[in-house]
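Structure first, commentary second.
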Amino acid sequence: MTDVRQHAEEIHEQFSDHLDVTVDDVASRLDSLVNEYKVPVEEARRSVTSHYLDQAGLERDDIHSGGTSDVQVADIETDEQWVNLTAKVVDLWEPRSDSIGQVGLLGDESGTIKFTKWAKSDLPELEEGAVYRLGNVVTDEYQGRYSVKLNRTTTIEELDTDIEVGDNESEVEGALVDIQSGSGLIKRCPHEDCTRVLQNGRCSEHGEVDGEFDLRIKGVVDDGVDVHEVIFNKEATEELTGIELEEAKQMAMDALDTTVVADEMRDMTLGHYYRVSGPTMGRYLLANDVELLSGPVDVEAALIKARSM
Ligand SMILES: [Zn+2]
C-alpha cells in the first residue's frame, strides 16, 4: 500500500461516521498535494484533515486517531482513553448545569461508572433501564474516580438485551499501616459540585473560600500481599475512630490546630487489623463497612514488609 493510500484510509476512518466521503476522495486530495504540489505528507495530512473537520463542523478534539477498544467499566483506569462500552443505564441524575444534557450511572457485569452527555453533543436521550452499545466514549478522571463522557462522535445503539450489573464491591482485610496527609478534620470548598479539599483555605478552582468542615481518612491497608489505598468518608471515619465531626471541631478549637484530629486518629487506629469493604473507584477503595478484627500490630514491621514487596 502506498503511503498516501494508508494516510487516506486513516483519515477516512476518522470521518466515516460524520461525512459521506470515500477513501478515494481522501486519497485524491492527498495525492494532489503530495505529488503535484510537493507538500510533505504529514503537512498534507493536516491540511486534508482540516478540510474535512470544516466540512463536518467538528473541532480537532472531536476526532481521534488510533483504535478504540471494547472495555468493561471496571477496566477503566486511564484518563482520556477512547473506548466502547456495552452498558445499562442504571440511574439518571438531575444535571446541575445547562452544558450537561444527561448525567447518571452506567453499569455492566464488572460494575458501574458515572457518565456525562454534553448538551451540545446532539445525541439521542438515553433511557433508564435500557442497554446500549456506546461507541467512542472518552474516559475522564477526577480525584481518583473515573467517568466517561459521551461526545459528538459517540455512537449509540440500543440493544434488545439485559445486563446483570455488578457492584464492583471489594473487601480488604489487613493492618492499617499509614494515614496520609489530607486526613482528619478537613475543609471542603462550598461551591456547588466542587467539594475539593481546601489547602490553606484555598480551593484550587475557586480560590479563597469559606470552607465547610468534614472528616476523612486516606489510609493504607496492608493485607500481607498488597497495600490498598482506602478512603473513609465522614461516616466511615466516625465509625473507625469513634470521633464525630462536632467533637473533632471542638478538639481543633481547643488546640487552635486542626492537625490534632488526624494525630489522635492515627494513634487510635494505626496497626490495628480491619476488614473494610466498599466500591472501588480507580485505585481507591471507598470504605462503606469497617470492622475491627484485632490490633494493634507492629506498624514498623508491617510497613517494612509492605515496602519490600
Ligand atoms: Zn471549589
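By order in the C-alpha cells, chains are A, B, ...; within a chain, residues start at 1; ligands start at 1, following the order shown.
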Report as a compact mmCIF listing (two decimals) with all heavy atoms, in the first residue's frame which protein, DNA and RNA residues come within 9 Å of ligand 1, using only C-alpha atoms and all ligand atoms.
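The resulting file, pocket30.txt, is reproduced below:
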```txt
# COMPACT_ATOMS: atom_id res chain seq x y z
N ARG A 188 -13.81 21.58 53.05
CA ARG A 188 -14.10 21.42 51.62
C ARG A 188 -14.65 22.71 51.04
O ARG A 188 -15.29 23.48 51.74
CB ARG A 188 -15.16 20.33 51.40
CG ARG A 188 -14.65 18.94 51.72
CD ARG A 188 -15.65 17.91 51.27
NE ARG A 188 -15.26 16.58 51.72
CZ ARG A 188 -14.40 15.80 51.07
NH1 ARG A 188 -13.85 16.21 49.94
NH2 ARG A 188 -14.08 14.61 51.55
N CYS A 189 -14.42 22.90 49.75
CA CYS A 189 -14.97 24.06 49.04
C CYS A 189 -16.50 23.96 49.06
O CYS A 189 -17.06 22.91 48.76
CB CYS A 189 -14.46 24.07 47.60
SG CYS A 189 -15.13 25.41 46.61
N PRO A 190 -17.18 25.07 49.40
CA PRO A 190 -18.64 25.04 49.48
C PRO A 190 -19.33 25.22 48.13
O PRO A 190 -20.55 25.14 48.05
CB PRO A 190 -18.95 26.23 50.40
CG PRO A 190 -17.85 27.19 50.13
CD PRO A 190 -16.63 26.38 49.79
N HIS A 191 -18.55 25.51 47.06
CA HIS A 191 -19.18 25.74 45.76
C HIS A 191 -19.93 24.49 45.29
O HIS A 191 -19.46 23.37 45.50
CB HIS A 191 -18.14 26.12 44.70
CG HIS A 191 -17.84 27.57 44.70
ND1 HIS A 191 -18.31 28.43 43.75
CD2 HIS A 191 -17.13 28.32 45.58
CE1 HIS A 191 -17.89 29.66 44.01
NE2 HIS A 191 -17.16 29.62 45.12
N GLU A 192 -21.04 24.73 44.65
CA GLU A 192 -21.87 23.65 44.14
C GLU A 192 -21.04 22.74 43.23
O GLU A 192 -20.30 23.22 42.39
CB GLU A 192 -23.02 24.28 43.32
CG GLU A 192 -24.14 23.32 43.03
CD GLU A 192 -25.26 24.02 42.26
OE1 GLU A 192 -25.64 25.13 42.69
OE2 GLU A 192 -25.72 23.47 41.28
N ASP A 193 -21.15 21.42 43.46
CA ASP A 193 -20.50 20.47 42.58
C ASP A 193 -18.97 20.44 42.71
O ASP A 193 -18.31 19.83 41.91
CB ASP A 193 -20.85 20.75 41.11
CG ASP A 193 -21.44 19.51 40.47
OD1 ASP A 193 -21.52 18.49 41.16
OD2 ASP A 193 -21.81 19.58 39.29
N CYS A 194 -18.41 21.16 43.71
CA CYS A 194 -16.95 21.21 43.78
C CYS A 194 -16.43 20.22 44.83
O CYS A 194 -15.87 19.21 44.48
CB CYS A 194 -16.47 22.62 44.10
SG CYS A 194 -14.68 22.75 44.18
N THR A 195 -16.62 20.52 46.10
CA THR A 195 -16.22 19.67 47.23
C THR A 195 -14.72 19.37 47.29
O THR A 195 -14.29 18.46 47.99
CB THR A 195 -16.98 18.32 47.28
OG1 THR A 195 -16.48 17.44 46.28
CG2 THR A 195 -18.48 18.50 47.13
N ARG A 196 -13.90 20.13 46.56
CA ARG A 196 -12.46 19.92 46.68
C ARG A 196 -12.01 20.22 48.11
O ARG A 196 -12.56 21.09 48.77
CB ARG A 196 -11.70 20.85 45.72
CG ARG A 196 -11.73 20.39 44.27
CD ARG A 196 -10.94 21.40 43.42
NE ARG A 196 -10.87 20.98 42.04
CZ ARG A 196 -11.83 21.18 41.15
NH1 ARG A 196 -12.96 21.78 41.50
NH2 ARG A 196 -11.69 20.78 39.89
N VAL A 197 -10.97 19.52 48.53
CA VAL A 197 -10.42 19.76 49.86
C VAL A 197 -9.54 21.02 49.78
O VAL A 197 -8.72 21.15 48.87
CB VAL A 197 -9.60 18.55 50.34
CG1 VAL A 197 -8.89 18.86 51.65
CG2 VAL A 197 -10.53 17.34 50.51
N LEU A 198 -9.76 21.94 50.72
CA LEU A 198 -9.00 23.20 50.70
C LEU A 198 -7.58 23.01 51.22
O LEU A 198 -7.35 22.23 52.14
CB LEU A 198 -9.71 24.25 51.56
CG LEU A 198 -11.18 24.54 51.25
CD1 LEU A 198 -11.67 25.69 52.13
CD2 LEU A 198 -11.39 24.88 49.78
N ARG A 202 -7.70 27.62 50.64
CA ARG A 202 -7.91 27.88 49.21
C ARG A 202 -8.35 26.63 48.46
O ARG A 202 -7.83 25.54 48.68
CB ARG A 202 -6.61 28.39 48.57
CG ARG A 202 -6.18 29.77 49.03
CD ARG A 202 -4.94 30.21 48.27
NE ARG A 202 -5.24 30.39 46.85
CZ ARG A 202 -5.77 31.48 46.34
NH1 ARG A 202 -6.06 32.50 47.11
NH2 ARG A 202 -6.01 31.58 45.05
N CYS A 203 -9.31 26.83 47.55
CA CYS A 203 -9.72 25.79 46.62
C CYS A 203 -8.90 25.98 45.35
O CYS A 203 -8.71 27.11 44.91
CB CYS A 203 -11.21 25.91 46.31
SG CYS A 203 -11.74 24.90 44.91
N SER A 204 -8.41 24.89 44.76
CA SER A 204 -7.57 25.03 43.57
C SER A 204 -8.35 25.60 42.40
O SER A 204 -7.78 26.14 41.46
CB SER A 204 -6.96 23.68 43.19
OG SER A 204 -7.99 22.74 42.94
N GLU A 205 -9.68 25.51 42.47
CA GLU A 205 -10.52 26.03 41.38
C GLU A 205 -11.11 27.40 41.73
O GLU A 205 -11.14 28.30 40.91
CB GLU A 205 -11.66 25.03 41.12
CG GLU A 205 -12.69 25.45 40.11
CD GLU A 205 -12.28 25.10 38.69
OE1 GLU A 205 -11.42 24.21 38.53
OE2 GLU A 205 -12.82 25.72 37.75
N HIS A 206 -11.57 27.57 42.97
CA HIS A 206 -12.34 28.77 43.33
C HIS A 206 -11.59 29.75 44.23
O HIS A 206 -12.18 30.74 44.69
CB HIS A 206 -13.66 28.36 43.99
CG HIS A 206 -14.53 27.52 43.11
ND1 HIS A 206 -14.69 26.16 43.26
CD2 HIS A 206 -15.27 27.86 42.02
CE1 HIS A 206 -15.49 25.70 42.32
NE2 HIS A 206 -15.86 26.70 41.55
N GLY A 207 -10.30 29.49 44.51
CA GLY A 207 -9.52 30.42 45.32
C GLY A 207 -9.93 30.38 46.78
O GLY A 207 -10.38 29.36 47.28
N GLU A 208 -9.79 31.56 47.44
CA GLU A 208 -10.07 31.61 48.87
C GLU A 208 -11.58 31.51 49.12
O GLU A 208 -12.36 32.29 48.57
CB GLU A 208 -9.53 32.92 49.45
CG GLU A 208 -9.22 32.81 50.92
CD GLU A 208 -8.03 33.68 51.31
OE1 GLU A 208 -7.01 33.65 50.57
OE2 GLU A 208 -8.13 34.38 52.31
N VAL A 209 -11.97 30.54 49.91
CA VAL A 209 -13.40 30.36 50.19
C VAL A 209 -13.58 30.02 51.67
O VAL A 209 -12.63 29.66 52.36
CB VAL A 209 -14.01 29.20 49.35
CG1 VAL A 209 -14.14 29.58 47.90
CG2 VAL A 209 -13.20 27.92 49.52
```
_Write out as a PyMOL selection string the set of residues from segment 34-262 of chain A that DSSP, computed on the backbone, places in helix (DSSP H, G or I)._
chain A and resi 34-36+41-56+60-62+73-75+119-121+234-241+245-255+259-262
How would the residues just picked look written out with C-alpha atoms as an mmCIF file, in the first residue's frame?
```cif
data_model
loop_
_atom_site.group_PDB
_atom_site.id
_atom_site.type_symbol
_atom_site.label_atom_id
_atom_site.label_comp_id
_atom_site.auth_asym_id
_atom_site.auth_seq_id
_atom_site.Cartn_x
_atom_site.Cartn_y
_atom_site.Cartn_z
ATOM 1 C CA VAL A 34 1.850 15.432 -2.184
ATOM 2 C CA ASN A 35 2.568 14.612 -5.812
ATOM 3 C CA GLU A 36 1.567 17.772 -7.685
ATOM 4 C CA VAL A 41 2.934 14.120 3.511
ATOM 5 C CA GLU A 42 2.429 14.999 7.197
ATOM 6 C CA GLU A 43 1.577 18.575 6.264
ATOM 7 C CA ALA A 44 -0.734 17.381 3.517
ATOM 8 C CA ARG A 45 -2.437 15.121 6.015
ATOM 9 C CA ARG A 46 -3.035 18.015 8.422
ATOM 10 C CA SER A 47 -4.414 20.146 5.623
ATOM 11 C CA VAL A 48 -6.783 17.438 4.355
ATOM 12 C CA THR A 49 -7.917 16.666 7.917
ATOM 13 C CA SER A 50 -8.683 20.368 8.469
ATOM 14 C CA HIS A 51 -10.733 20.411 5.286
ATOM 15 C CA TYR A 52 -12.913 17.523 6.472
ATOM 16 C CA LEU A 53 -13.178 18.961 10.009
ATOM 17 C CA ASP A 54 -14.610 22.136 8.441
ATOM 18 C CA GLN A 55 -16.972 20.140 6.294
ATOM 19 C CA ALA A 56 -18.220 18.078 9.220
ATOM 20 C CA ARG A 60 -9.901 18.714 16.131
ATOM 21 C CA ASP A 61 -10.634 17.412 19.663
ATOM 22 C CA ASP A 62 -13.797 15.735 18.401
ATOM 23 C CA VAL A 73 -16.277 -0.348 33.208
ATOM 24 C CA ALA A 74 -14.091 -1.857 35.943
ATOM 25 C CA ASP A 75 -11.156 -1.871 33.494
ATOM 26 C CA ALA A 119 -25.958 19.112 25.834
ATOM 27 C CA LYS A 120 -24.251 20.228 22.614
ATOM 28 C CA SER A 121 -23.434 16.643 21.610
ATOM 29 C CA LYS A 234 -17.242 11.126 57.321
ATOM 30 C CA GLU A 235 -19.490 8.250 58.393
ATOM 31 C CA ALA A 236 -16.775 5.608 57.962
ATOM 32 C CA THR A 237 -14.236 7.804 59.778
ATOM 33 C CA GLU A 238 -16.639 8.267 62.683
ATOM 34 C CA GLU A 239 -17.196 4.517 62.773
ATOM 35 C CA LEU A 240 -13.475 3.788 62.596
ATOM 36 C CA THR A 241 -12.368 6.267 65.261
ATOM 37 C CA LEU A 245 -17.466 15.813 63.484
ATOM 38 C CA GLU A 246 -18.628 18.087 66.333
ATOM 39 C CA GLU A 247 -16.123 16.526 68.707
ATOM 40 C CA ALA A 248 -13.349 16.895 66.123
ATOM 41 C CA LYS A 249 -14.183 20.587 65.683
ATOM 42 C CA GLN A 250 -14.043 21.049 69.483
ATOM 43 C CA MET A 251 -10.665 19.275 69.653
ATOM 44 C CA ALA A 252 -9.299 21.554 66.939
ATOM 45 C CA MET A 253 -10.715 24.644 68.630
ATOM 46 C CA ASP A 254 -9.202 23.710 72.000
ATOM 47 C CA ALA A 255 -5.803 23.120 70.447
ATOM 48 C CA THR A 259 -3.942 18.633 62.827
ATOM 49 C CA VAL A 260 -4.551 17.338 66.369
ATOM 50 C CA VAL A 261 -7.542 15.450 64.999
ATOM 51 C CA ALA A 262 -5.532 13.443 62.461
#
```
Dump as CSV the rows for residues of segment 184-251 of chain A within 10 Å of segment 269-285 of chain A: closest atom pair and distance in Å with one decimal, only C-alpha atoms counted, ordered by chain and rising residue number.
```
residue,atom,partner,partner_atom,distance
A:Lys218,CA,A:Tyr284,CA,9.2
A:Gly219,CA,A:Leu270,CA,9.3
A:Val220,CA,A:Leu270,CA,9.6
A:Val221,CA,A:Tyr274,CA,8.3
A:Asp222,CA,A:Tyr273,CA,9.1
A:Asp223,CA,A:Tyr273,CA,9.1
A:His228,CA,A:Tyr284,CA,7.4
A:Glu229,CA,A:Tyr284,CA,5.2
A:Val230,CA,A:Leu285,CA,4.7
A:Ile231,CA,A:Leu285,CA,6.2
A:Phe232,CA,A:Leu285,CA,8.7
A:Ala236,CA,A:Val276,CA,9.8
A:Leu240,CA,A:Thr269,CA,7.6
A:Thr241,CA,A:Thr269,CA,7.0
```
Can you write out the residues you just picked, keeping C-alpha atoms, as a CSV table (one decimal), in the first residue's frame?
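Below is the file that was written, selection.csv:
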```csv
chain,number,residue,atom,x,y,z
A,218,LYS,CA,-7.0,8.4,53.4
A,219,GLY,CA,-5.5,5.3,54.8
A,220,VAL,CA,-3.3,2.4,53.6
A,221,VAL,CA,-4.2,-1.1,54.4
A,222,ASP,CA,-1.7,-3.9,54.1
A,223,ASP,CA,-3.3,-7.3,53.6
A,228,HIS,CA,-4.6,-0.8,49.3
A,229,GLU,CA,-5.5,2.8,49.5
A,230,VAL,CA,-8.7,3.3,51.3
A,231,ILE,CA,-10.8,6.4,51.7
A,232,PHE,CA,-13.0,6.6,54.7
A,236,ALA,CA,-16.8,5.6,58.0
A,240,LEU,CA,-13.5,3.8,62.6
A,241,THR,CA,-12.4,6.3,65.3
```
*From the set A:Val26, A:Leu159, A:Ile179, A:Val227, which residue has the shortest atom-to-atom contact distance to Glu264 of chain A, counting only C-alpha atoms?*
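Distance minimum relative to Glu264 of chain A lands on A:Ile179.
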*With only C-alpha atoms as the atoms that count, which of A:Val90, A:Glu128, A:Ala27, A:Gly104 lies nearest to Asp167 of chain A?*
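Nearest candidate to Asp167 of chain A out of A:Val90, A:Glu128, A:Ala27, A:Gly104: A:Val90.
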*Selection near His12 of chain A, 8 Å with only C-alpha atoms, sequence-local residues under 2 positions removed, as a list in words*: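 Listing them by chain and then by number gives Ala8, Glu9, Glu10, Gln14, Phe15, Ser16, Val21, Thr22, Val23 and Val26 of chain A.
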Dump of all heavy atoms for the selected residues, as a PDB file, in the first residue's frame:
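Result file is again_27.pdb:
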```pdb
ATOM      1  N   ALA A   8      -4.744   8.061   3.678  1.00  0.00           N
ATOM      2  CA  ALA A   8      -6.135   8.308   3.256  1.00  0.00           C
ATOM      3  C   ALA A   8      -7.086   7.395   4.031  1.00  0.00           C
ATOM      4  O   ALA A   8      -8.152   7.831   4.471  1.00  0.00           O
ATOM      5  CB  ALA A   8      -6.271   8.083   1.759  1.00  0.00           C
ATOM      6  N   GLU A   9      -6.695   6.158   4.212  1.00  0.00           N
ATOM      7  CA  GLU A   9      -7.564   5.223   4.938  1.00  0.00           C
ATOM      8  C   GLU A   9      -7.716   5.629   6.396  1.00  0.00           C
ATOM      9  O   GLU A   9      -8.790   5.514   6.972  1.00  0.00           O
ATOM     10  CB  GLU A   9      -7.013   3.789   4.815  1.00  0.00           C
ATOM     11  CG  GLU A   9      -7.267   3.239   3.431  1.00  0.00           C
ATOM     12  CD  GLU A   9      -7.062   1.731   3.313  1.00  0.00           C
ATOM     13  OE1 GLU A   9      -6.691   1.109   4.342  1.00  0.00           O
ATOM     14  OE2 GLU A   9      -7.269   1.207   2.218  1.00  0.00           O
ATOM     15  N   GLU A  10      -6.623   6.105   6.972  1.00  0.00           N
ATOM     16  CA  GLU A  10      -6.695   6.539   8.376  1.00  0.00           C
ATOM     17  C   GLU A  10      -7.583   7.776   8.534  1.00  0.00           C
ATOM     18  O   GLU A  10      -8.384   7.865   9.464  1.00  0.00           O
ATOM     19  CB  GLU A  10      -5.285   6.799   8.918  1.00  0.00           C
ATOM     20  CG  GLU A  10      -4.542   5.485   9.185  1.00  0.00           C
ATOM     21  CD  GLU A  10      -3.062   5.694   9.494  1.00  0.00           C
ATOM     22  OE1 GLU A  10      -2.670   6.845   9.806  1.00  0.00           O
ATOM     23  OE2 GLU A  10      -2.312   4.706   9.412  1.00  0.00           O
ATOM     24  N   GLN A  14     -11.481   8.222  10.457  1.00  0.00           N
ATOM     25  CA  GLN A  14     -11.861   9.234  11.451  1.00  0.00           C
ATOM     26  C   GLN A  14     -13.152   9.952  11.100  1.00  0.00           C
ATOM     27  O   GLN A  14     -13.854  10.446  11.973  1.00  0.00           O
ATOM     28  CB  GLN A  14     -10.736  10.274  11.591  1.00  0.00           C
ATOM     29  CG  GLN A  14      -9.480   9.707  12.198  1.00  0.00           C
ATOM     30  CD  GLN A  14      -8.387  10.752  12.280  1.00  0.00           C
ATOM     31  OE1 GLN A  14      -8.184  11.532  11.344  1.00  0.00           O
ATOM     32  NE2 GLN A  14      -7.681  10.779  13.392  1.00  0.00           N
ATOM     33  N   PHE A  15     -13.448  10.011   9.806  1.00  0.00           N
ATOM     34  CA  PHE A  15     -14.618  10.802   9.399  1.00  0.00           C
ATOM     35  C   PHE A  15     -15.781   9.944   8.907  1.00  0.00           C
ATOM     36  O   PHE A  15     -16.832  10.479   8.553  1.00  0.00           O
ATOM     37  CB  PHE A  15     -14.218  11.795   8.303  1.00  0.00           C
ATOM     38  CG  PHE A  15     -13.371  12.913   8.824  1.00  0.00           C
ATOM     39  CD1 PHE A  15     -11.984  12.883   8.685  1.00  0.00           C
ATOM     40  CD2 PHE A  15     -13.954  13.985   9.496  1.00  0.00           C
ATOM     41  CE1 PHE A  15     -11.201  13.905   9.184  1.00  0.00           C
ATOM     42  CE2 PHE A  15     -13.177  15.013   9.997  1.00  0.00           C
ATOM     43  CZ  PHE A  15     -11.789  14.967   9.845  1.00  0.00           C
ATOM     44  N   SER A  16     -15.590   8.633   8.861  1.00  0.00           N
ATOM     45  CA  SER A  16     -16.593   7.777   8.226  1.00  0.00           C
ATOM     46  C   SER A  16     -17.973   7.899   8.874  1.00  0.00           C
ATOM     47  O   SER A  16     -18.987   7.720   8.217  1.00  0.00           O
ATOM     48  CB  SER A  16     -16.127   6.323   8.211  1.00  0.00           C
ATOM     49  OG  SER A  16     -15.808   5.931   9.530  1.00  0.00           O
ATOM     50  N   VAL A  21     -17.989  10.314   2.570  1.00  0.00           N
ATOM     51  CA  VAL A  21     -16.775  10.515   1.776  1.00  0.00           C
ATOM     52  C   VAL A  21     -16.092   9.148   1.612  1.00  0.00           C
ATOM     53  O   VAL A  21     -16.150   8.321   2.517  1.00  0.00           O
ATOM     54  CB  VAL A  21     -15.860  11.553   2.465  1.00  0.00           C
ATOM     55  CG1 VAL A  21     -15.500  11.137   3.863  1.00  0.00           C
ATOM     56  CG2 VAL A  21     -14.609  11.839   1.678  1.00  0.00           C
ATOM     57  N   THR A  22     -15.500   8.921   0.443  1.00  0.00           N
ATOM     58  CA  THR A  22     -14.852   7.623   0.217  1.00  0.00           C
ATOM     59  C   THR A  22     -13.347   7.742   0.422  1.00  0.00           C
ATOM     60  O   THR A  22     -12.795   8.848   0.424  1.00  0.00           O
ATOM     61  CB  THR A  22     -15.095   7.129  -1.228  1.00  0.00           C
ATOM     62  OG1 THR A  22     -14.445   8.045  -2.110  1.00  0.00           O
ATOM     63  CG2 THR A  22     -16.581   7.054  -1.533  1.00  0.00           C
ATOM     64  N   VAL A  23     -12.697   6.590   0.557  1.00  0.00           N
ATOM     65  CA  VAL A  23     -11.244   6.585   0.694  1.00  0.00           C
ATOM     66  C   VAL A  23     -10.618   7.213  -0.557  1.00  0.00           C
ATOM     67  O   VAL A  23      -9.629   7.948  -0.474  1.00  0.00           O
ATOM     68  CB  VAL A  23     -10.714   5.139   0.896  1.00  0.00           C
ATOM     69  CG1 VAL A  23      -9.192   5.137   1.018  1.00  0.00           C
ATOM     70  CG2 VAL A  23     -11.344   4.514   2.133  1.00  0.00           C
ATOM     71  N   VAL A  26     -10.533  10.985  -0.377  1.00  0.00           N
ATOM     72  CA  VAL A  26      -9.476  11.451   0.524  1.00  0.00           C
ATOM     73  C   VAL A  26      -8.120  11.277  -0.148  1.00  0.00           C
ATOM     74  O   VAL A  26      -7.275  12.181  -0.127  1.00  0.00           O
ATOM     75  CB  VAL A  26      -9.510  10.678   1.867  1.00  0.00           C
ATOM     76  CG1 VAL A  26      -8.421  11.199   2.806  1.00  0.00           C
ATOM     77  CG2 VAL A  26     -10.876  10.772   2.539  1.00  0.00           C
TER      78      VAL A  26
END
```
